[in-house]
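Everything below belongs to query28.cif, which stores mmCIF, N, CA and C atoms.
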```cif
data_data
loop_
_atom_site.label_atom_id
_atom_site.label_comp_id
_atom_site.auth_asym_id
_atom_site.auth_seq_id
_atom_site.Cartn_x
_atom_site.Cartn_y
_atom_site.Cartn_z
N MET U 1 21.43 -60.89 2.00
CA MET U 1 22.62 -60.30 1.43
C MET U 1 22.82 -58.91 2.04
N PRO U 2 24.04 -58.60 2.42
CA PRO U 2 24.29 -57.30 3.07
C PRO U 2 24.24 -56.16 2.06
N LEU U 3 24.02 -55.01 2.59
CA LEU U 3 24.05 -53.77 1.82
C LEU U 3 25.39 -53.10 2.11
N HIS U 4 25.93 -52.40 1.14
CA HIS U 4 27.23 -51.75 1.30
C HIS U 4 27.08 -50.25 1.07
N LEU U 5 28.14 -49.53 1.37
CA LEU U 5 28.24 -48.10 1.10
C LEU U 5 29.44 -47.86 0.20
N THR U 6 29.39 -46.78 -0.59
CA THR U 6 30.55 -46.34 -1.35
C THR U 6 30.92 -44.94 -0.90
N LYS U 7 32.21 -44.64 -0.95
CA LYS U 7 32.69 -43.32 -0.54
C LYS U 7 33.99 -43.04 -1.27
N VAL U 8 34.15 -41.78 -1.68
CA VAL U 8 35.40 -41.36 -2.29
C VAL U 8 36.47 -41.29 -1.21
N ALA U 9 37.63 -41.84 -1.49
CA ALA U 9 38.76 -41.76 -0.56
C ALA U 9 39.42 -40.41 -0.77
N PHE U 10 38.79 -39.37 -0.22
CA PHE U 10 39.22 -37.99 -0.43
C PHE U 10 40.67 -37.79 0.00
N GLY U 11 41.47 -37.25 -0.89
CA GLY U 11 42.86 -36.97 -0.59
C GLY U 11 43.80 -38.14 -0.82
N ALA U 12 43.26 -39.33 -1.00
CA ALA U 12 44.11 -40.50 -1.24
C ALA U 12 44.48 -40.54 -2.72
N THR U 13 45.77 -40.58 -2.97
CA THR U 13 46.25 -40.58 -4.36
C THR U 13 46.41 -41.98 -4.92
N SER U 14 46.46 -42.98 -4.05
CA SER U 14 46.63 -44.36 -4.50
C SER U 14 46.09 -45.29 -3.43
N LEU U 15 46.02 -46.55 -3.77
CA LEU U 15 45.57 -47.56 -2.83
C LEU U 15 46.55 -47.68 -1.66
N ASP U 16 47.85 -47.58 -1.94
CA ASP U 16 48.85 -47.64 -0.88
C ASP U 16 48.71 -46.45 0.07
N HIS U 17 48.41 -45.28 -0.47
CA HIS U 17 48.22 -44.09 0.36
C HIS U 17 47.03 -44.28 1.29
N LEU U 18 45.92 -44.81 0.77
CA LEU U 18 44.75 -45.07 1.59
C LEU U 18 45.06 -46.09 2.68
N ALA U 19 45.75 -47.16 2.33
CA ALA U 19 46.09 -48.19 3.32
C ALA U 19 46.97 -47.61 4.42
N THR U 20 47.90 -46.76 4.06
CA THR U 20 48.78 -46.13 5.05
C THR U 20 47.98 -45.23 5.97
N ARG U 21 47.07 -44.44 5.42
CA ARG U 21 46.24 -43.55 6.25
C ARG U 21 45.40 -44.34 7.24
N LEU U 22 44.78 -45.43 6.79
CA LEU U 22 43.96 -46.24 7.69
C LEU U 22 44.82 -46.90 8.77
N ARG U 23 46.00 -47.38 8.39
CA ARG U 23 46.89 -48.01 9.36
C ARG U 23 47.34 -47.00 10.41
N GLU U 24 47.67 -45.79 10.00
CA GLU U 24 48.09 -44.75 10.94
C GLU U 24 46.95 -44.36 11.88
N ARG U 25 45.74 -44.26 11.35
CA ARG U 25 44.60 -43.91 12.20
C ARG U 25 44.28 -45.03 13.18
N SER U 26 44.52 -46.28 12.80
CA SER U 26 44.22 -47.39 13.71
C SER U 26 45.19 -47.42 14.88
N ALA U 27 46.38 -46.83 14.72
CA ALA U 27 47.34 -46.77 15.82
C ALA U 27 46.84 -45.86 16.94
N ASP U 28 45.98 -44.89 16.59
CA ASP U 28 45.45 -43.95 17.57
C ASP U 28 44.15 -44.42 18.20
N GLY U 29 43.64 -45.56 17.78
CA GLY U 29 42.37 -46.07 18.32
C GLY U 29 41.49 -46.57 17.20
N PRO U 30 40.20 -46.74 17.49
CA PRO U 30 39.29 -47.26 16.46
C PRO U 30 39.22 -46.34 15.25
N VAL U 31 39.08 -46.95 14.09
CA VAL U 31 38.97 -46.19 12.85
C VAL U 31 37.49 -45.96 12.57
N PHE U 32 37.13 -44.70 12.37
CA PHE U 32 35.75 -44.40 12.03
C PHE U 32 35.67 -43.15 11.18
N LEU U 33 34.62 -43.07 10.42
CA LEU U 33 34.29 -41.88 9.64
C LEU U 33 33.08 -41.25 10.28
N THR U 34 32.91 -39.96 10.12
CA THR U 34 31.71 -39.34 10.66
C THR U 34 30.84 -38.86 9.52
N THR U 35 29.56 -38.88 9.76
CA THR U 35 28.58 -38.41 8.80
C THR U 35 27.48 -37.69 9.56
N ARG U 36 26.75 -36.89 8.87
CA ARG U 36 25.72 -36.10 9.53
C ARG U 36 24.53 -36.94 9.99
N TYR U 37 24.13 -37.89 9.16
CA TYR U 37 22.93 -38.68 9.46
C TYR U 37 23.21 -40.17 9.43
N LEU U 38 22.51 -40.90 10.27
CA LEU U 38 22.57 -42.36 10.27
C LEU U 38 21.87 -42.85 9.01
N PRO U 39 22.52 -43.74 8.24
CA PRO U 39 21.85 -44.26 7.04
C PRO U 39 20.52 -44.91 7.42
N LYS U 40 19.48 -44.62 6.65
CA LYS U 40 18.17 -45.18 6.94
C LYS U 40 18.18 -46.70 6.87
N ARG U 41 19.03 -47.25 6.05
CA ARG U 41 19.10 -48.71 5.89
C ARG U 41 20.28 -49.31 6.67
N HIS U 42 20.65 -48.67 7.79
CA HIS U 42 21.81 -49.12 8.56
C HIS U 42 21.67 -50.56 9.05
N ALA U 43 20.46 -51.01 9.34
CA ALA U 43 20.28 -52.39 9.80
C ALA U 43 20.64 -53.39 8.70
N ASP U 44 20.42 -53.02 7.44
CA ASP U 44 20.79 -53.89 6.33
C ASP U 44 22.31 -53.91 6.11
N ILE U 45 22.98 -52.87 6.56
CA ILE U 45 24.43 -52.78 6.37
C ILE U 45 25.17 -53.59 7.43
N VAL U 46 24.81 -53.42 8.68
CA VAL U 46 25.52 -54.10 9.76
C VAL U 46 25.15 -55.57 9.80
N GLY U 47 23.88 -55.89 9.64
CA GLY U 47 23.45 -57.28 9.65
C GLY U 47 23.40 -57.86 11.04
N ALA U 48 22.66 -58.93 11.19
CA ALA U 48 22.48 -59.58 12.49
C ALA U 48 23.64 -60.49 12.84
N GLN U 49 24.35 -61.00 11.83
CA GLN U 49 25.45 -61.92 12.07
C GLN U 49 26.76 -61.22 11.77
N ALA U 50 27.81 -61.64 12.44
CA ALA U 50 29.12 -60.98 12.28
C ALA U 50 29.62 -61.05 10.84
N ASP U 51 29.38 -62.16 10.14
CA ASP U 51 29.89 -62.31 8.78
C ASP U 51 28.91 -61.79 7.74
N ALA U 52 27.76 -61.29 8.17
CA ALA U 52 26.73 -60.83 7.23
C ALA U 52 26.78 -59.33 7.03
N GLY U 53 27.75 -58.66 7.63
CA GLY U 53 27.80 -57.21 7.56
C GLY U 53 28.27 -56.69 6.22
N GLY U 54 27.94 -55.43 5.98
CA GLY U 54 28.36 -54.77 4.75
C GLY U 54 29.72 -54.13 4.90
N SER U 55 30.15 -53.50 3.83
CA SER U 55 31.46 -52.86 3.79
C SER U 55 31.34 -51.46 3.21
N LEU U 56 32.37 -50.68 3.45
CA LEU U 56 32.50 -49.39 2.82
C LEU U 56 33.47 -49.58 1.66
N PHE U 57 32.99 -49.41 0.44
CA PHE U 57 33.83 -49.55 -0.75
C PHE U 57 34.44 -48.19 -1.07
N TRP U 58 35.75 -48.18 -1.25
CA TRP U 58 36.50 -46.95 -1.48
C TRP U 58 36.64 -46.67 -2.97
N ILE U 59 36.43 -45.41 -3.34
CA ILE U 59 36.59 -44.96 -4.72
C ILE U 59 37.86 -44.12 -4.81
N ILE U 60 38.77 -44.54 -5.68
CA ILE U 60 39.98 -43.78 -5.97
C ILE U 60 40.06 -43.63 -7.47
N LYS U 61 40.20 -42.41 -7.94
CA LYS U 61 40.31 -42.12 -9.38
C LYS U 61 39.16 -42.75 -10.16
N HIS U 62 37.94 -42.56 -9.66
CA HIS U 62 36.71 -43.01 -10.31
C HIS U 62 36.62 -44.53 -10.46
N THR U 63 37.24 -45.25 -9.53
CA THR U 63 37.22 -46.70 -9.57
C THR U 63 37.06 -47.26 -8.15
N LEU U 64 36.14 -48.22 -7.98
CA LEU U 64 36.06 -48.96 -6.71
C LEU U 64 37.27 -49.87 -6.66
N VAL U 65 38.09 -49.74 -5.63
CA VAL U 65 39.35 -50.47 -5.59
C VAL U 65 39.51 -51.37 -4.37
N ALA U 66 38.84 -51.05 -3.28
CA ALA U 66 39.01 -51.82 -2.05
C ALA U 66 37.80 -51.58 -1.16
N ARG U 67 37.72 -52.39 -0.10
CA ARG U 67 36.63 -52.22 0.85
C ARG U 67 37.15 -52.38 2.27
N SER U 68 36.44 -51.73 3.18
CA SER U 68 36.70 -51.86 4.61
C SER U 68 35.40 -52.36 5.25
N PRO U 69 35.41 -53.51 5.91
CA PRO U 69 34.19 -53.99 6.56
C PRO U 69 33.69 -52.99 7.59
N ILE U 70 32.37 -52.76 7.59
CA ILE U 70 31.75 -51.87 8.57
C ILE U 70 31.43 -52.69 9.80
N LEU U 71 31.96 -52.27 10.95
CA LEU U 71 31.77 -53.00 12.20
C LEU U 71 30.49 -52.59 12.91
N GLN U 72 30.23 -51.29 12.95
CA GLN U 72 29.04 -50.80 13.65
C GLN U 72 28.85 -49.31 13.37
N PHE U 73 27.71 -48.81 13.80
CA PHE U 73 27.43 -47.39 13.77
C PHE U 73 27.36 -46.92 15.21
N GLY U 74 27.84 -45.73 15.46
CA GLY U 74 27.82 -45.19 16.82
C GLY U 74 27.67 -43.68 16.80
N GLU U 75 27.87 -43.09 17.94
CA GLU U 75 27.75 -41.64 18.07
C GLU U 75 29.14 -41.01 18.01
N ALA U 76 29.18 -39.80 17.44
CA ALA U 76 30.42 -39.04 17.37
C ALA U 76 30.15 -37.65 17.95
N GLU U 77 31.18 -36.86 18.06
CA GLU U 77 31.04 -35.51 18.62
C GLU U 77 30.10 -34.66 17.78
N GLY U 78 29.44 -33.74 18.44
CA GLY U 78 28.58 -32.79 17.75
C GLY U 78 27.30 -33.38 17.19
N GLY U 79 26.85 -34.49 17.74
CA GLY U 79 25.61 -35.11 17.28
C GLY U 79 25.74 -35.83 15.95
N ARG U 80 26.96 -36.07 15.51
CA ARG U 80 27.18 -36.77 14.25
C ARG U 80 27.16 -38.27 14.49
N VAL U 81 27.20 -39.03 13.40
CA VAL U 81 27.18 -40.49 13.45
C VAL U 81 28.56 -41.00 13.04
N ALA U 82 29.08 -41.97 13.77
CA ALA U 82 30.36 -42.59 13.46
C ALA U 82 30.12 -43.92 12.76
N ILE U 83 30.81 -44.13 11.65
CA ILE U 83 30.80 -45.41 10.95
C ILE U 83 32.13 -46.08 11.30
N HIS U 84 32.09 -47.08 12.16
CA HIS U 84 33.30 -47.77 12.61
C HIS U 84 33.72 -48.81 11.58
N LEU U 85 35.01 -48.78 11.21
CA LEU U 85 35.53 -49.63 10.15
C LEU U 85 36.63 -50.54 10.66
N ASP U 86 36.76 -51.68 10.03
CA ASP U 86 37.92 -52.54 10.22
C ASP U 86 39.05 -51.86 9.43
N PRO U 87 40.21 -51.58 10.04
CA PRO U 87 41.26 -50.83 9.34
C PRO U 87 41.95 -51.61 8.22
N ALA U 88 41.75 -52.92 8.17
CA ALA U 88 42.38 -53.72 7.12
C ALA U 88 41.60 -53.57 5.81
N LEU U 89 42.30 -53.23 4.74
CA LEU U 89 41.66 -53.11 3.43
C LEU U 89 41.57 -54.47 2.76
N VAL U 90 40.44 -54.73 2.12
CA VAL U 90 40.27 -55.93 1.31
C VAL U 90 40.26 -55.45 -0.13
N LEU U 91 41.24 -55.88 -0.91
CA LEU U 91 41.34 -55.46 -2.30
C LEU U 91 40.22 -56.09 -3.11
N THR U 92 39.68 -55.32 -4.04
CA THR U 92 38.60 -55.82 -4.89
C THR U 92 38.99 -55.65 -6.36
N GLU U 93 38.24 -56.31 -7.22
CA GLU U 93 38.43 -56.09 -8.65
C GLU U 93 38.06 -54.64 -8.93
N GLY U 94 38.84 -53.98 -9.75
CA GLY U 94 38.54 -52.59 -10.08
C GLY U 94 37.23 -52.49 -10.85
N ARG U 95 36.40 -51.56 -10.45
CA ARG U 95 35.12 -51.34 -11.14
C ARG U 95 34.90 -49.85 -11.25
N PRO U 96 34.63 -49.34 -12.46
CA PRO U 96 34.40 -47.91 -12.62
C PRO U 96 33.23 -47.43 -11.76
N LYS U 97 33.40 -46.27 -11.15
CA LYS U 97 32.35 -45.69 -10.31
C LYS U 97 32.54 -44.18 -10.30
N ARG U 98 31.49 -43.47 -10.61
CA ARG U 98 31.58 -42.01 -10.61
C ARG U 98 31.78 -41.50 -9.19
N ALA U 99 32.51 -40.43 -9.09
CA ALA U 99 32.72 -39.80 -7.79
C ALA U 99 31.42 -39.14 -7.33
N HIS U 100 31.23 -39.03 -6.02
CA HIS U 100 30.05 -38.41 -5.45
C HIS U 100 30.41 -37.85 -4.10
N GLN U 101 29.56 -37.00 -3.57
CA GLN U 101 29.77 -36.46 -2.24
C GLN U 101 29.15 -37.40 -1.22
N GLY U 102 29.75 -37.49 -0.07
CA GLY U 102 29.20 -38.33 0.99
C GLY U 102 29.30 -39.80 0.65
N TRP U 103 28.29 -40.57 1.05
CA TRP U 103 28.27 -42.00 0.77
C TRP U 103 27.01 -42.34 -0.02
N ARG U 104 27.05 -43.47 -0.68
CA ARG U 104 25.90 -43.98 -1.43
C ARG U 104 25.78 -45.47 -1.13
N TYR U 105 24.56 -45.97 -1.26
CA TYR U 105 24.32 -47.40 -1.07
C TYR U 105 24.84 -48.18 -2.28
N LEU U 106 25.26 -49.41 -2.02
CA LEU U 106 25.69 -50.34 -3.07
C LEU U 106 25.11 -51.70 -2.73
N GLU U 107 24.26 -52.20 -3.59
CA GLU U 107 23.66 -53.52 -3.37
C GLU U 107 24.74 -54.59 -3.50
N ALA U 108 24.58 -55.68 -2.76
CA ALA U 108 25.57 -56.76 -2.77
C ALA U 108 25.75 -57.33 -4.17
N ALA U 109 24.68 -57.40 -4.93
CA ALA U 109 24.77 -57.95 -6.29
C ALA U 109 25.61 -57.08 -7.22
N ASP U 110 25.73 -55.79 -6.91
CA ASP U 110 26.49 -54.85 -7.73
C ASP U 110 27.91 -54.63 -7.24
N ALA U 111 28.25 -55.22 -6.10
CA ALA U 111 29.57 -55.01 -5.51
C ALA U 111 30.63 -55.82 -6.26
N PRO U 112 31.81 -55.23 -6.45
CA PRO U 112 32.89 -55.98 -7.11
C PRO U 112 33.38 -57.11 -6.21
N ALA U 113 33.88 -58.14 -6.84
CA ALA U 113 34.39 -59.30 -6.11
C ALA U 113 35.74 -58.99 -5.48
N ASP U 114 36.01 -59.64 -4.36
CA ASP U 114 37.32 -59.52 -3.72
C ASP U 114 38.37 -60.20 -4.58
N LEU U 115 39.59 -59.64 -4.53
CA LEU U 115 40.71 -60.33 -5.17
C LEU U 115 41.05 -61.52 -4.30
N GLY U 116 41.40 -62.62 -4.89
CA GLY U 116 41.67 -63.85 -4.14
C GLY U 116 42.93 -63.76 -3.30
N GLU U 117 43.07 -64.73 -2.41
CA GLU U 117 44.26 -64.82 -1.57
C GLU U 117 45.49 -64.95 -2.47
N GLY U 118 46.54 -64.23 -2.14
CA GLY U 118 47.78 -64.31 -2.88
C GLY U 118 47.80 -63.45 -4.14
N VAL U 119 46.70 -62.82 -4.48
CA VAL U 119 46.66 -61.93 -5.62
C VAL U 119 47.01 -60.54 -5.14
N LEU U 120 47.92 -59.91 -5.81
CA LEU U 120 48.35 -58.57 -5.45
C LEU U 120 47.59 -57.55 -6.26
N ALA U 121 47.48 -56.36 -5.74
CA ALA U 121 46.77 -55.30 -6.45
C ALA U 121 47.40 -55.04 -7.81
N GLY U 122 48.71 -55.21 -7.92
CA GLY U 122 49.40 -55.00 -9.19
C GLY U 122 49.06 -56.05 -10.23
N ASP U 123 48.54 -57.19 -9.80
CA ASP U 123 48.14 -58.23 -10.74
C ASP U 123 46.84 -57.86 -11.45
N ALA U 124 46.06 -56.99 -10.85
CA ALA U 124 44.82 -56.54 -11.46
C ALA U 124 45.11 -55.39 -12.43
N MET U 125 44.14 -55.04 -13.22
CA MET U 125 44.30 -53.94 -14.16
C MET U 125 44.51 -52.64 -13.39
N PRO U 126 45.45 -51.80 -13.81
CA PRO U 126 45.69 -50.53 -13.10
C PRO U 126 44.45 -49.65 -13.06
N VAL U 127 44.30 -48.93 -11.94
CA VAL U 127 43.13 -48.09 -11.73
C VAL U 127 42.97 -47.06 -12.84
N GLY U 128 44.04 -46.41 -13.23
CA GLY U 128 43.97 -45.40 -14.28
C GLY U 128 43.49 -45.97 -15.60
N LEU U 129 43.95 -47.17 -15.94
CA LEU U 129 43.54 -47.82 -17.18
C LEU U 129 42.06 -48.19 -17.14
N ILE U 130 41.58 -48.65 -15.98
CA ILE U 130 40.16 -48.97 -15.84
C ILE U 130 39.32 -47.73 -16.10
N GLY U 131 39.74 -46.60 -15.54
CA GLY U 131 39.01 -45.35 -15.74
C GLY U 131 38.97 -44.93 -17.20
N LYS U 132 40.09 -45.06 -17.89
CA LYS U 132 40.14 -44.68 -19.30
C LYS U 132 39.27 -45.60 -20.16
N LEU U 133 39.34 -46.90 -19.89
CA LEU U 133 38.51 -47.84 -20.65
C LEU U 133 37.02 -47.62 -20.38
N ALA U 134 36.68 -47.28 -19.13
CA ALA U 134 35.29 -47.00 -18.79
C ALA U 134 34.81 -45.74 -19.50
N ALA U 135 35.67 -44.72 -19.59
CA ALA U 135 35.29 -43.48 -20.26
C ALA U 135 35.04 -43.73 -21.74
N LEU U 136 35.75 -44.69 -22.31
CA LEU U 136 35.54 -45.04 -23.72
C LEU U 136 34.37 -46.00 -23.91
N GLY U 137 33.80 -46.46 -22.82
CA GLY U 137 32.68 -47.39 -22.90
C GLY U 137 33.09 -48.82 -23.23
N LEU U 138 34.35 -49.15 -22.98
CA LEU U 138 34.85 -50.49 -23.29
C LEU U 138 34.69 -51.47 -22.16
N ILE U 139 34.48 -50.99 -20.94
CA ILE U 139 34.19 -51.89 -19.80
C ILE U 139 33.07 -51.31 -18.98
#
```

Let's see the structure in the file written out as structure tokens.
Amino acid sequence: MPLHLTKVAFGATSLDHLATRLRERSADGPVFLTTRYLPKRHADIVGAQADAGGSLFWIIKHTLVARSPILQFGEAEGGRVAIHLDPALVLTEGRPKRAHQGWRYLEAADAPADLGEGVLAGDAMPVGLIGKLAALGLI
């Protein structure tokens, strides 16, 4: 089972805003994030098989809302590490998640399920409502 990462979508106000940012960045070339250090468990994230790789799960308003498959790790300017992403977002079931700095590991068993084909993000519970219900301890 692949290992995943979570990261706050800093500056993204909505899922549509995040999708637009990723689409615009993909027009300029490969989409990647930079980080100071290579994750120690990077081999568990990328996986040996193309379909066994992990994803970067995005947090917006304290909720995991979507994921971007991680393609590979590489080098970036200034000795940093690049996390190369597939620019297409895969919508997931909303799951409360506290904000954090940088990235954190997410085990496959704890990852939210993808929304099925033909299901729109609006068909799922709104992100703001998920956050409020989580704060009340109802989900």

**Message:** Rounded to one decimal, what separation in Å do you get between atom CA of Leu15 of chain U and atom N of Ala66 of chain U?
**Reply:** 7.6 Å

**Fill in**
Using only C-alpha atoms, the shortest atom-to-atom distance to Leu71 of chain U among U:Leu133, U:Ala108, U:Phe10, U:Pro30 belongs to U:Pro30

**Asked** So which one's closest to Asp110 of chain U, U:His17, U:Leu136, U:Leu22, U:Leu64? Using only C-alpha atoms, please.
**Response**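 Going through U:His17, U:Leu136, U:Leu22, U:Leu64 one by one, the smallest distance to Asp110 of chain U is for U:Leu64.
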
**Prompt:** Which value, in Å to one decimal, gives the distance between atom C of Ala82 of chain U and atom N of Thr35 of chain U?
**Reply:**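 Atom-to-atom, atom C of Ala82 of chain U and atom N of Thr35 of chain U are spaced 5.9 Å apart.
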
Find the axis-aligned box for segment 108-115 of chain U, covering all its listed atoms and adding 5 Å on each side, and write its centre and edge lengths in Å to one decimal as lines of an AutoDock Vina configuration file.
```
center_x = 32.8
center_y = -58.1
center_z = -5.2
size_x = 26.5
size_y = 16.9
size_z = 15.0
```
